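Trainee: Structure file upload_0.txt (compact mmCIF, C-alpha atoms) is given on the next line.
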# COMPACT_ATOMS: atom_id res chain seq x y z
CA MET A 1 -4.41 -14.30 6.66
CA PHE A 2 -3.30 -14.91 10.25
CA LYS A 3 -1.12 -17.64 11.68
CA ILE A 4 -1.06 -18.23 15.42
CA ASP A 5 1.71 -20.52 16.63
CA ILE A 6 3.03 -21.05 20.07
CA ASP A 7 5.91 -22.98 21.65
CA PHE A 8 4.76 -24.22 24.99
CA ARG A 9 6.91 -25.74 27.73
CA ILE A 10 5.57 -26.81 31.08
CA ASN A 11 7.62 -24.68 33.46
CA SER A 12 5.28 -24.02 36.33
CA LEU A 13 1.77 -25.05 37.18
CA ALA A 14 1.24 -21.61 38.71
CA ARG A 15 0.43 -20.46 35.18
CA PHE A 16 -2.63 -22.70 35.04
CA SER A 17 -6.10 -21.85 36.24
CA LYS A 18 -7.82 -23.68 39.08
CA GLU A 19 -9.73 -25.91 36.65
CA GLU A 20 -6.61 -26.68 34.70
CA ARG A 21 -4.68 -27.53 37.88
CA LYS A 22 -7.52 -29.83 38.89
CA LEU A 23 -7.28 -31.54 35.53
CA ALA A 24 -3.50 -31.73 35.91
CA LYS A 25 -3.86 -33.40 39.31
CA THR A 26 -5.88 -36.18 37.79
CA VAL A 27 -2.89 -37.01 35.63
CA GLY A 28 -0.41 -36.65 38.49
CA ILE A 29 0.99 -33.09 38.29
CA GLY A 30 1.68 -31.49 41.69
CA PRO A 31 2.22 -27.78 42.41
CA ARG A 32 5.96 -28.28 42.77
CA THR A 33 6.45 -30.71 39.97
CA ASN A 34 9.41 -29.87 37.79
CA SER A 35 9.03 -30.27 34.06
CA SER A 36 11.99 -32.66 33.98
CA THR A 37 10.18 -35.08 36.30
CA LEU A 38 6.97 -35.17 34.31
CA SER A 39 6.17 -38.23 32.32
CA GLU A 40 5.49 -37.88 28.64
CA SER A 41 1.78 -38.59 29.09
CA VAL A 42 1.48 -35.84 31.69
CA ILE A 43 3.22 -33.34 29.43
CA ALA A 44 0.93 -34.41 26.62
CA SER A 45 -2.12 -33.71 28.80
CA ALA A 46 -0.86 -30.26 29.79
CA ALA A 47 0.09 -29.59 26.18
CA GLY A 48 -3.45 -30.55 25.22
CA ILE A 49 -4.78 -27.81 27.49
CA ALA A 50 -2.50 -25.25 25.86
CA ARG A 51 -3.41 -26.51 22.41
CA ALA A 52 -7.11 -26.15 23.20
CA ALA A 53 -6.46 -22.59 24.37
CA VAL A 54 -4.68 -21.74 21.10
CA TYR A 55 -7.54 -23.25 19.09
CA LYS A 56 -10.06 -21.27 21.14
CA ILE A 57 -8.29 -17.97 20.47
CA ALA A 58 -8.29 -18.81 16.75
CA VAL A 59 -12.06 -19.36 16.87
CA ASP A 60 -12.48 -16.10 18.84
CA THR A 61 -10.35 -14.31 16.23
CA LYS A 62 -12.54 -15.66 13.43
CA ASN A 63 -15.69 -14.56 15.28
CA TYR A 64 -14.21 -11.10 15.98
CA MET A 65 -13.29 -10.62 12.32
CA ARG A 66 -16.69 -11.77 11.04
CA GLU A 67 -18.45 -9.50 13.53
CA PHE A 68 -16.22 -6.56 12.60
CA ILE A 69 -16.98 -7.05 8.92
CA ASN A 70 -20.72 -7.33 9.51
CA THR A 71 -20.90 -4.28 11.76
CA HIS A 72 -18.84 -2.15 9.37
CA ARG A 73 -20.62 -3.13 6.17
CA ARG A 74 -22.01 -0.24 4.17
CA ARG A 75 -24.56 -2.13 2.15
CA ASN A 76 -27.62 -3.92 3.46
CA PRO A 77 -27.69 -7.53 2.23
CA GLU A 78 -31.41 -7.18 1.41
CA THR A 79 -31.04 -4.52 -1.26
CA HIS A 80 -31.18 -6.96 -4.14
CA GLY A 81 -34.94 -7.05 -4.51
CA GLU A 82 -38.21 -7.39 -2.66
CA ASN A 83 -38.72 -11.00 -3.64
CA PRO A 84 -36.68 -13.32 -1.36
CA SER A 85 -35.71 -15.41 -4.39
CA GLU A 86 -34.04 -12.33 -5.91
CA LYS A 87 -31.73 -11.89 -2.94
CA ARG A 88 -28.19 -12.96 -3.47
CA LYS A 89 -25.01 -12.77 -1.45
CA THR A 90 -23.11 -9.50 -1.51
CA ASN A 91 -19.31 -9.48 -1.64
CA VAL A 92 -19.27 -8.74 2.09
CA ASP A 93 -21.55 -11.73 2.81
CA SER A 94 -19.21 -14.02 0.90
CA LEU A 95 -16.19 -12.57 2.66
CA SER A 96 -17.65 -12.96 6.12
CA SER A 97 -18.75 -16.56 5.56
CA VAL A 98 -15.49 -17.80 4.03
CA ILE A 99 -13.24 -16.71 6.94
CA ASP A 100 -12.64 -19.82 9.00
CA VAL A 101 -10.12 -21.57 11.26
CA HIS A 102 -7.56 -23.96 9.75
CA GLU A 103 -5.20 -26.23 11.67
CA LEU A 104 -1.75 -25.79 10.13
CA GLY A 105 0.51 -28.08 12.09
CA SER A 106 1.04 -29.96 15.30
CA VAL A 107 4.24 -31.55 16.61
CA PRO A 108 5.18 -32.11 20.27
CA GLY A 109 5.68 -28.68 21.84
CA PHE A 110 4.38 -26.79 18.84
CA TYR A 111 0.91 -26.11 17.49
CA ALA A 112 -0.23 -23.74 14.75
CA VAL A 113 -3.64 -22.62 13.53
CA GLY A 114 -4.56 -20.13 10.84
CA VAL A 115 -7.55 -17.82 10.49
CA GLY A 116 -8.66 -17.14 6.91
CA SER A 117 -7.08 -18.92 3.97
CA VAL A 118 -5.82 -16.61 1.20
CA GLN A 119 -6.38 -19.39 -1.35
CA GLU A 120 -10.04 -19.84 -0.31
CA LEU A 121 -10.60 -16.09 -0.18
CA GLY A 122 -9.17 -15.79 -3.69
CA VAL A 123 -11.79 -18.26 -4.97
CA PHE A 124 -14.90 -17.46 -2.89
CA ALA A 125 -14.36 -13.78 -1.94
CA PRO A 126 -11.93 -12.33 -4.47
CA TYR A 127 -12.73 -8.77 -3.34
CA TRP A 128 -11.38 -9.38 0.19
CA TYR A 129 -8.28 -7.31 -0.55
CA LEU A 130 -10.21 -4.38 -2.04
CA ILE A 131 -12.74 -4.37 0.82
CA ASN A 132 -9.89 -4.28 3.36
CA TYR A 133 -7.61 -1.68 1.75
CA GLY A 134 -10.07 0.26 -0.40
CA GLY A 135 -9.48 1.37 -3.98
CA LEU A 136 -11.10 1.79 -7.36
CA ALA A 137 -13.41 -0.96 -8.57
CA ARG A 138 -14.93 -1.36 -11.99
CA VAL A 139 -18.67 -1.63 -11.47
CA LYS A 140 -20.70 -2.82 -14.41
CA SER A 141 -24.46 -2.25 -14.23
CA PRO A 142 -26.89 -4.98 -15.42
CA PHE A 143 -27.78 -5.07 -19.12
CA ILE A 144 -31.12 -3.36 -19.76
CA PRO A 145 -32.81 -4.52 -23.00
CA GLY A 146 -34.36 -1.80 -25.15
CA SER A 147 -33.78 0.49 -28.10
CA PHE A 148 -33.94 4.02 -29.44
CA ASN A 149 -36.98 3.79 -31.68
CA GLY A 150 -35.95 0.30 -32.81
CA ASN A 151 -32.32 1.25 -33.25
CA PRO A 152 -29.32 0.34 -31.06
CA ALA A 153 -27.48 3.01 -29.09
CA ASP A 154 -25.13 4.97 -31.36
CA PRO A 155 -22.04 6.23 -29.52
CA ALA A 156 -21.63 8.96 -32.17
CA LEU A 157 -24.95 10.51 -31.06
CA LYS A 158 -24.07 10.50 -27.35
CA GLY A 159 -25.61 13.60 -25.78
CA THR A 160 -27.09 14.86 -29.08
CA GLY A 161 -29.66 12.22 -30.14
CA ILE A 162 -33.36 13.08 -30.03
CA ASP A 163 -34.92 9.60 -29.56
CA ALA A 164 -35.74 8.32 -26.06
CA PHE A 165 -34.52 4.95 -24.83
CA ASN A 166 -37.45 2.53 -24.42
CA TYR A 167 -37.33 -0.62 -22.33
CA GLU A 168 -38.22 -3.66 -24.45
CA LYS A 169 -38.12 -7.02 -22.77
CA GLY A 170 -36.24 -9.54 -24.89
CA SER A 171 -34.74 -6.93 -27.21
CA LYS A 172 -31.37 -7.80 -28.69
CA PHE A 173 -30.36 -4.17 -28.21
CA GLY A 174 -29.81 -2.56 -24.84
CA MET A 175 -27.63 -0.44 -22.55
CA SER A 176 -25.30 -0.98 -19.61
CA SER A 177 -22.76 1.25 -17.95
CA ASP A 178 -19.21 0.60 -16.85
CA ASN A 179 -17.93 2.89 -14.11
CA LEU A 180 -15.01 3.15 -11.74
CA THR A 181 -16.24 3.49 -8.15
CA ILE A 182 -14.27 4.26 -5.01
CA ILE A 183 -14.52 1.48 -2.44
CA LEU A 184 -13.75 2.87 1.03
CA PRO A 185 -11.38 0.72 3.11
CA MET A 186 -12.73 -1.35 6.01
CA HIS A 187 -9.33 -2.32 7.51
CA TYR A 188 -10.80 -5.46 9.07
CA VAL A 189 -7.44 -7.25 8.87
CA ASP A 190 -5.57 -4.58 10.86
CA ARG A 191 -8.29 -4.19 13.47
CA THR A 192 -8.40 -7.96 13.98
CA GLU A 193 -4.60 -8.04 14.15
CA ASP A 194 -4.70 -5.48 17.00
CA TRP A 195 -7.27 -7.58 18.84
CA LEU A 196 -5.33 -10.80 18.26
CA ARG A 197 -2.05 -9.22 19.38
CA GLN A 198 -3.52 -8.28 22.76
CA ASN A 199 -5.09 -11.68 23.33
CA ALA A 200 -2.18 -13.72 21.98
CA ASN A 201 0.16 -11.95 24.41
CA ILE A 202 -1.99 -13.09 27.33
CA LEU A 203 -1.93 -16.63 25.94
CA ALA A 204 1.82 -16.60 25.34
CA ARG A 205 2.55 -15.38 28.86
CA LYS A 206 0.48 -18.20 30.24
CA TYR A 207 1.57 -21.13 28.12
CA GLY A 208 4.42 -20.27 25.86
CA GLU A 209 7.85 -18.89 25.36
CA GLN A 210 7.83 -15.80 23.18
CA LYS A 211 10.37 -15.82 20.39
CA MET B 1 -12.51 32.31 24.94
CA PRO B 2 -13.09 30.44 21.61
CA ASP B 3 -16.62 29.32 20.78
CA ILE B 4 -15.78 25.79 19.71
CA VAL B 5 -13.16 23.71 21.50
CA PHE B 6 -12.30 20.40 19.84
CA ARG B 7 -12.07 17.16 21.78
CA GLN B 8 -9.19 14.70 21.85
CA HIS B 9 -10.08 12.62 18.79
CA ARG B 10 -10.23 15.65 16.49
CA ASN B 11 -7.19 17.19 18.17
CA ILE B 12 -5.15 14.04 17.53
CA GLU B 13 -6.40 13.87 13.95
CA LEU B 14 -5.63 17.52 13.18
CA SER B 15 -2.26 17.44 14.99
CA THR B 16 -1.27 14.35 13.01
CA ILE B 17 -2.32 15.71 9.62
CA GLU B 18 -0.64 19.06 10.30
CA HIS B 19 2.60 17.38 11.34
CA ILE B 20 2.72 14.96 8.39
CA ASN B 21 1.82 17.70 5.91
CA THR B 22 4.48 20.07 7.29
CA GLN B 23 7.20 17.43 7.13
CA ILE B 24 6.30 16.26 3.62
CA GLN B 25 6.05 19.80 2.20
CA ALA B 26 9.45 20.64 3.75
CA ASN B 27 11.22 17.61 2.31
CA TRP B 28 9.36 16.59 -0.89
CA ASP B 29 8.02 18.39 -3.94
CA ASN B 30 4.52 18.21 -5.45
CA ILE B 31 2.98 15.78 -2.98
CA THR B 32 -0.56 16.44 -1.79
CA VAL B 33 -1.64 15.47 1.71
CA VAL B 34 -5.38 14.96 2.24
CA LYS B 35 -7.51 14.08 5.23
CA ALA B 36 -9.84 11.42 3.86
CA PHE B 37 -9.29 8.34 1.69
CA ALA B 38 -11.94 9.21 -0.91
CA GLU B 39 -10.48 12.73 -1.21
CA ALA B 40 -7.23 11.26 -2.55
CA TYR B 41 -8.89 10.16 -5.79
CA LYS B 42 -9.82 13.76 -6.60
CA GLN B 43 -6.16 14.87 -6.55
CA LYS B 44 -3.23 14.52 -8.90
CA LEU B 45 -0.72 11.78 -8.08
CA PRO B 46 1.24 11.44 -5.83
CA VAL B 47 -1.09 11.75 -2.84
CA VAL B 48 -0.84 10.87 0.84
CA ALA B 49 -4.16 10.27 2.66
CA VAL B 50 -4.11 10.42 6.46
CA GLU B 51 -6.93 9.06 8.61
CA VAL B 52 -7.26 8.67 12.36
CA GLY B 53 -9.96 6.07 12.80
CA ASP B 54 -11.27 3.70 15.43
CA VAL B 55 -10.67 4.23 19.13
CA ASP B 56 -9.92 1.50 21.68
CA ALA B 57 -10.26 2.68 25.25
CA GLY B 58 -9.21 0.83 28.39
CA ARG B 59 -8.93 1.90 32.03
CA LEU B 60 -5.68 3.72 32.71
CA GLU B 61 -5.31 1.69 35.90
CA VAL B 62 -7.44 -0.69 37.97
CA GLY B 63 -10.27 1.18 39.67
CA ALA B 64 -9.65 4.42 37.79
CA ASN B 65 -12.27 6.28 35.78
CA THR B 66 -9.67 7.74 33.43
CA LEU B 67 -9.61 6.08 30.02
CA GLU B 68 -6.48 5.44 28.06
CA LYS B 69 -7.47 5.84 24.43
CA GLU B 70 -5.63 4.31 21.51
CA TYR B 71 -6.37 5.58 18.02
CA SER B 72 -5.70 3.78 14.77
CA LEU B 73 -3.61 5.80 12.32
CA THR B 74 -3.79 4.86 8.63
CA ILE B 75 -1.63 6.53 6.00
CA ASP B 76 -2.37 5.57 2.38
CA ILE B 77 0.31 6.43 -0.17
CA PHE B 78 -0.75 6.71 -3.83
CA SER B 79 2.34 7.06 -5.93
CA THR B 80 3.57 7.24 -9.51
CA SER B 81 6.20 4.50 -9.17
CA ASN B 82 7.22 1.71 -6.81
CA GLY B 83 10.45 3.50 -5.95
CA GLN B 84 8.70 6.71 -5.01
CA ALA B 85 6.16 4.82 -2.88
CA ASN B 86 8.93 2.95 -1.05
CA ASP B 87 10.99 6.08 -0.39
CA LEU B 88 8.01 8.10 0.73
CA ALA B 89 6.78 5.35 3.05
CA GLU B 90 10.19 4.93 4.64
CA PHE B 91 10.53 8.69 5.06
CA ILE B 92 7.15 8.86 6.81
CA VAL B 93 7.98 5.97 9.14
CA GLU B 94 11.59 6.90 9.97
CA ASP B 95 11.54 10.69 9.88
CA VAL B 96 7.95 11.71 10.52
CA ILE B 97 6.03 9.43 12.87
CA LYS B 98 8.53 7.13 14.62
CA ASN B 99 9.48 9.61 17.35
CA GLY B 100 6.03 11.09 17.89
CA TRP B 101 4.90 14.67 17.31
CA VAL B 102 3.34 17.67 19.06
CA TYR B 103 -0.26 17.31 20.26
CA LYS B 104 -2.26 20.50 19.86
CA GLU B 105 -5.60 21.53 21.28
CA TYR B 106 -7.57 23.18 18.52
CA SER B 107 -10.38 25.70 18.75
CA ARG B 108 -12.37 27.93 16.46
CA ASP B 109 -14.22 31.18 16.94
CA SER B 110 -17.79 31.36 15.76
CA GLY B 111 -17.94 32.37 12.11
CA ALA B 112 -14.21 31.91 11.59
CA GLU B 113 -13.08 29.60 8.79
CA THR B 114 -9.75 28.64 10.31
CA VAL B 115 -8.86 26.79 13.48
CA SER B 116 -5.98 27.61 15.80
CA GLY B 117 -3.97 25.11 17.82
CA VAL B 118 -1.98 25.37 21.06
CA ALA B 119 0.69 22.77 21.90
CA SER B 120 -0.39 20.61 24.83
CA GLY B 121 1.69 17.43 24.97
CA ARG B 122 2.77 14.85 22.43
CA VAL B 123 1.30 12.07 20.31
CA ARG B 124 3.20 8.78 20.56
CA VAL B 125 3.14 5.62 18.49
CA SER B 126 2.15 3.13 21.15
CA SER B 127 2.80 -0.33 19.81
CA ARG B 128 3.53 -1.15 16.21
CA ILE B 129 4.13 0.48 12.87
CA SER B 130 3.42 -1.60 9.78
CA ASN B 131 4.43 -0.52 6.29
CA ARG B 132 3.04 -2.69 3.50
CA LYS B 133 2.98 -2.68 -0.26
CA LEU B 134 -0.48 -3.19 -1.74
CA ASN B 135 -0.89 -5.35 -4.81
CA PHE B 136 -4.18 -5.10 -6.68
CA GLY B 137 -3.41 -7.69 -9.33
CA ASP B 138 -2.42 -7.49 -12.97
CA ASN B 139 -4.46 -4.59 -14.27
CA PRO B 140 -5.34 -2.15 -11.47
CA ALA B 141 -6.70 1.35 -12.00
CA ASN B 142 -3.99 3.98 -12.44
CA PHE B 143 -4.46 5.31 -8.91
CA ASP B 144 -4.02 1.88 -7.33
CA LYS B 145 -0.93 0.81 -9.29
CA TYR B 146 1.71 1.94 -6.81
CA ARG B 147 0.23 1.98 -3.34
CA ARG B 148 1.59 1.47 0.14
CA ILE B 149 -0.18 1.59 3.47
CA ILE B 150 1.27 2.51 6.85
CA THR B 151 -0.74 1.66 9.97
CA ALA B 152 0.02 2.34 13.60
CA SER B 153 -1.63 2.67 16.98
CA ILE B 154 -1.19 6.12 18.50
CA ARG B 155 -2.08 7.78 21.78
CA LYS B 156 -1.74 11.12 23.53
CA ALA B 157 1.29 11.10 25.83
What do you get writing this file as structure tokens?
Mentor:
Amino acid sequence: MFKIDIDFRINSLARFSKEERKLAKTVGIGPRTNSSTLSESVIASAAGIARAAVYKIAVDTKNYMREFINTHRRRNPETHGENPSEKRKTNVDSLSSVIDVHELGSVPGFYAVGVGSVQELGVFAPYWYLINYGGLARVKSPFIPGSFNGNPADPALKGTGIDAFNYEKGSKFGMSSDNLTIILPMHYVDRTEDWLRQNANILARKYGEQK
Amino acid sequence: MPDIVFRQHRNIELSTIEHINTQIQANWDNITVVKAFAEAYKQKLPVVAVEVGDVDAGRLEVGANTLEKEYSLTIDIFSTSNGQANDLAEFIVEDVIKNGWVYKEYSRDSGAETVSGVASGRVRVSSRISNRKLNFGDNPANFDKYRRIITASIRKA
């Protein structure tokens, strides 16, 4: 869903916070150290700090997206029945829980993480696209066993029949409906993208070179 | 003095819908512009649904009490073919919203059914405009077959 990658070069320690400079000192980086004079191990340590910052923003992005989804949900997860054993995950529950952070690649000077895997969403939360963009969904109601005076529903008598439908547990006859329902868009991807854009810019100014 | 004076969020929303509707009616035939997403499904294709949604507000400057508000603009295009959706989306981005539009302050007299607007600045696209094709799989409902979505962040200039 999102890929955050950053090229980071150690140009100036002024970009680092007090704690990070303290950490850098322990591996021998001084305030006026030029990147060309740094040993590989020192660069690796500083790169580790930047990498940790990128990973942290990915985790924050995941948390922001999950929170956005949960605060914008339109259906209470406990509407599936009074008995706790009857409760099951809604589509929004599945969506929220499957969004996670994935490390995509790491080579010297480059690190990439992703938030939300389209493949995983396709398997565990296939409605992620519809919940984000909105649209028409085919909603099939549960099958209710029963009959019209012992007879199955006759489509030819729709609206004109005189027998009432009676619920009969275990009956081989029954009714269910199949309707198209409008799902309103949540736009959680765009809202998270806005949030990520703001925070990634801060990160890129501090550690990276923007392409 | 009008009885009801609208605030910025509604003014931005109404200014935006009025501008997009005017431009589309002047340049295209038989396209309906509606305010809300769900309303689109009650119309005949093609339809353009315009929504001004969430607000992000930050301080205009350090120490100031003035807020700088950014609104999310979402334009859903429901079309009858891919080509029409592409052309319409590009028209909206390039010729309708890219350069901003007039911001109006709207008001309504008590009992009146219509609102009136007075120009009072401009609405600008503040950061990004994205224009995406939506793909709902192999067998989508007729309304979702040829859809595009345009999103942008806008603010009053």
Trainee: I'd like the neighbourhood of range 185-200 of chain A as a PyMOL selection string, where a residue qualifies if any of its atoms comes within 6 Å (using only C-alpha atoms), though same-chain residues fewer than 4 positions away should be ignored.
Mentor: chain A and resi 65+131-134+204
Trainee: Write out as a tab-separated table a residue-level contact list of chain B versus chain A with cut-off 8 Å: for each qualifying residue the closest pair of atoms and the distance in Å to one decimal, counting all atoms listed in the file, rows sorted by chain and residue number upward.
Mentor:
residue	atom	partner	partner_atom	distance
B:Phe37	CA	A:Leu184	CA	7.1
B:Ala38	CA	A:Ile182	CA	6.8
B:Phe136	CA	A:Leu130	CA	7.6
B:Ala141	CA	A:Leu136	CA	6.4
B:Phe143	CA	A:Leu136	CA	7.7
B:Asp144	CA	A:Gly135	CA	6.4
B:Thr151	CA	A:Asp190	CA	7.9
Trainee: Could you write out that same residue set with C-alpha atoms as a PDB file, in the frame of the given file?
Mentor:
ATOM      1  CA  PHE B  37      -9.290   8.340   1.690  1.00  0.00           C
ATOM      2  CA  ALA B  38     -11.940   9.210  -0.910  1.00  0.00           C
ATOM      3  CA  PHE B 136      -4.180  -5.100  -6.680  1.00  0.00           C
ATOM      4  CA  ALA B 141      -6.700   1.350 -12.000  1.00  0.00           C
ATOM      5  CA  PHE B 143      -4.460   5.310  -8.910  1.00  0.00           C
ATOM      6  CA  ASP B 144      -4.020   1.880  -7.330  1.00  0.00           C
ATOM      7  CA  THR B 151      -0.740   1.660   9.970  1.00  0.00           C
TER       8      THR B 151
END
Trainee: Suppose you want the space between CA of Asp76 in chain B and CA of Gln119 in chain A; what is it in Å?
Mentor: 25.6 Å
Trainee: Just how far from CA of Asp178 in chain A is CA of Asn70 in chain A, in Å to one decimal?
Mentor: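 According to the coordinates, CA of Asn70 in chain A and CA of Asp178 in chain A are separated by 27.6 Å.
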Trainee: What's the separation between CA of Asn131 in chain B and CA of Ser153 in chain B, in Å to one decimal place?
Mentor: 12.7 Å
Trainee: Between B:Gly121, B:Pro46, B:Gly100, B:Pro140, which has the minimum distance to Trp28 in chain B (counting all atoms listed in the file)?
Mentor: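 The shortest atom-to-atom distance to Trp28 in chain B comes from B:Pro46.
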Trainee: Residues proximal to (0.4, 3.4, 12.9) were defined as those with any atom within 12 Å of that point in the file's coordinates, counting only C-alpha atoms. Which are they, as a ChimeraX atom specification?
Mentor: /A:190-191,194 /B:16,50-54,70-76,89,92-93,96-100,123-132,149-155
Trainee: For range 15-26 of chain B, supply N, CA, C and O atoms and report the output as a PDB file, keeping the file's coordinate frame.
Mentor:
ATOM      1  N   SER B  15      -3.695  17.337  14.665  1.00  0.00           N
ATOM      2  CA  SER B  15      -2.260  17.440  14.990  1.00  0.00           C
ATOM      3  C   SER B  15      -1.450  16.536  14.063  1.00  0.00           C
ATOM      4  O   SER B  15      -0.382  16.913  13.573  1.00  0.00           O
ATOM      5  N   THR B  16      -1.972  15.329  13.835  1.00  0.00           N
ATOM      6  CA  THR B  16      -1.270  14.350  13.010  1.00  0.00           C
ATOM      7  C   THR B  16      -1.184  14.807  11.554  1.00  0.00           C
ATOM      8  O   THR B  16      -0.114  14.772  10.943  1.00  0.00           O
ATOM      9  N   ILE B  17      -2.313  15.257  11.019  1.00  0.00           N
ATOM     10  CA  ILE B  17      -2.320  15.710   9.620  1.00  0.00           C
ATOM     11  C   ILE B  17      -1.417  16.918   9.455  1.00  0.00           C
ATOM     12  O   ILE B  17      -0.641  17.008   8.490  1.00  0.00           O
ATOM     13  N   GLU B  18      -1.475  17.853  10.394  1.00  0.00           N
ATOM     14  CA  GLU B  18      -0.640  19.060  10.300  1.00  0.00           C
ATOM     15  C   GLU B  18       0.843  18.694  10.318  1.00  0.00           C
ATOM     16  O   GLU B  18       1.630  19.187   9.514  1.00  0.00           O
ATOM     17  N   HIS B  19       1.199  17.786  11.216  1.00  0.00           N
ATOM     18  CA  HIS B  19       2.600  17.380  11.340  1.00  0.00           C
ATOM     19  C   HIS B  19       3.087  16.681  10.065  1.00  0.00           C
ATOM     20  O   HIS B  19       4.147  17.016   9.521  1.00  0.00           O
ATOM     21  N   ILE B  20       2.308  15.709   9.580  1.00  0.00           N
ATOM     22  CA  ILE B  20       2.720  14.960   8.390  1.00  0.00           C
ATOM     23  C   ILE B  20       2.801  15.891   7.179  1.00  0.00           C
ATOM     24  O   ILE B  20       3.761  15.843   6.403  1.00  0.00           O
ATOM     25  N   ASN B  21       1.822  16.767   7.039  1.00  0.00           N
ATOM     26  CA  ASN B  21       1.820  17.700   5.910  1.00  0.00           C
ATOM     27  C   ASN B  21       3.039  18.630   5.967  1.00  0.00           C
ATOM     28  O   ASN B  21       3.724  18.822   4.957  1.00  0.00           O
ATOM     29  N   THR B  22       3.332  19.160   7.148  1.00  0.00           N
ATOM     30  CA  THR B  22       4.480  20.070   7.290  1.00  0.00           C
ATOM     31  C   THR B  22       5.775  19.381   6.905  1.00  0.00           C
ATOM     32  O   THR B  22       6.604  19.924   6.170  1.00  0.00           O
ATOM     33  N   GLN B  23       5.961  18.158   7.398  1.00  0.00           N
ATOM     34  CA  GLN B  23       7.200  17.430   7.130  1.00  0.00           C
ATOM     35  C   GLN B  23       7.337  17.071   5.644  1.00  0.00           C
ATOM     36  O   GLN B  23       8.422  17.168   5.066  1.00  0.00           O
ATOM     37  N   ILE B  24       6.236  16.642   5.035  1.00  0.00           N
ATOM     38  CA  ILE B  24       6.300  16.260   3.620  1.00  0.00           C
ATOM     39  C   ILE B  24       6.551  17.490   2.742  1.00  0.00           C
ATOM     40  O   ILE B  24       7.394  17.453   1.835  1.00  0.00           O
ATOM     41  N   GLN B  25       5.861  18.588   3.022  1.00  0.00           N
ATOM     42  CA  GLN B  25       6.050  19.800   2.200  1.00  0.00           C
ATOM     43  C   GLN B  25       7.480  20.335   2.350  1.00  0.00           C
ATOM     44  O   GLN B  25       8.030  20.912   1.416  1.00  0.00           O
ATOM     45  N   ALA B  26       8.089  20.130   3.513  1.00  0.00           N
ATOM     46  CA  ALA B  26       9.450  20.640   3.750  1.00  0.00           C
ATOM     47  C   ALA B  26      10.515  19.782   3.072  1.00  0.00           C
ATOM     48  O   ALA B  26      11.620  20.248   2.810  1.00  0.00           O
TER      49      ALA B  26
END
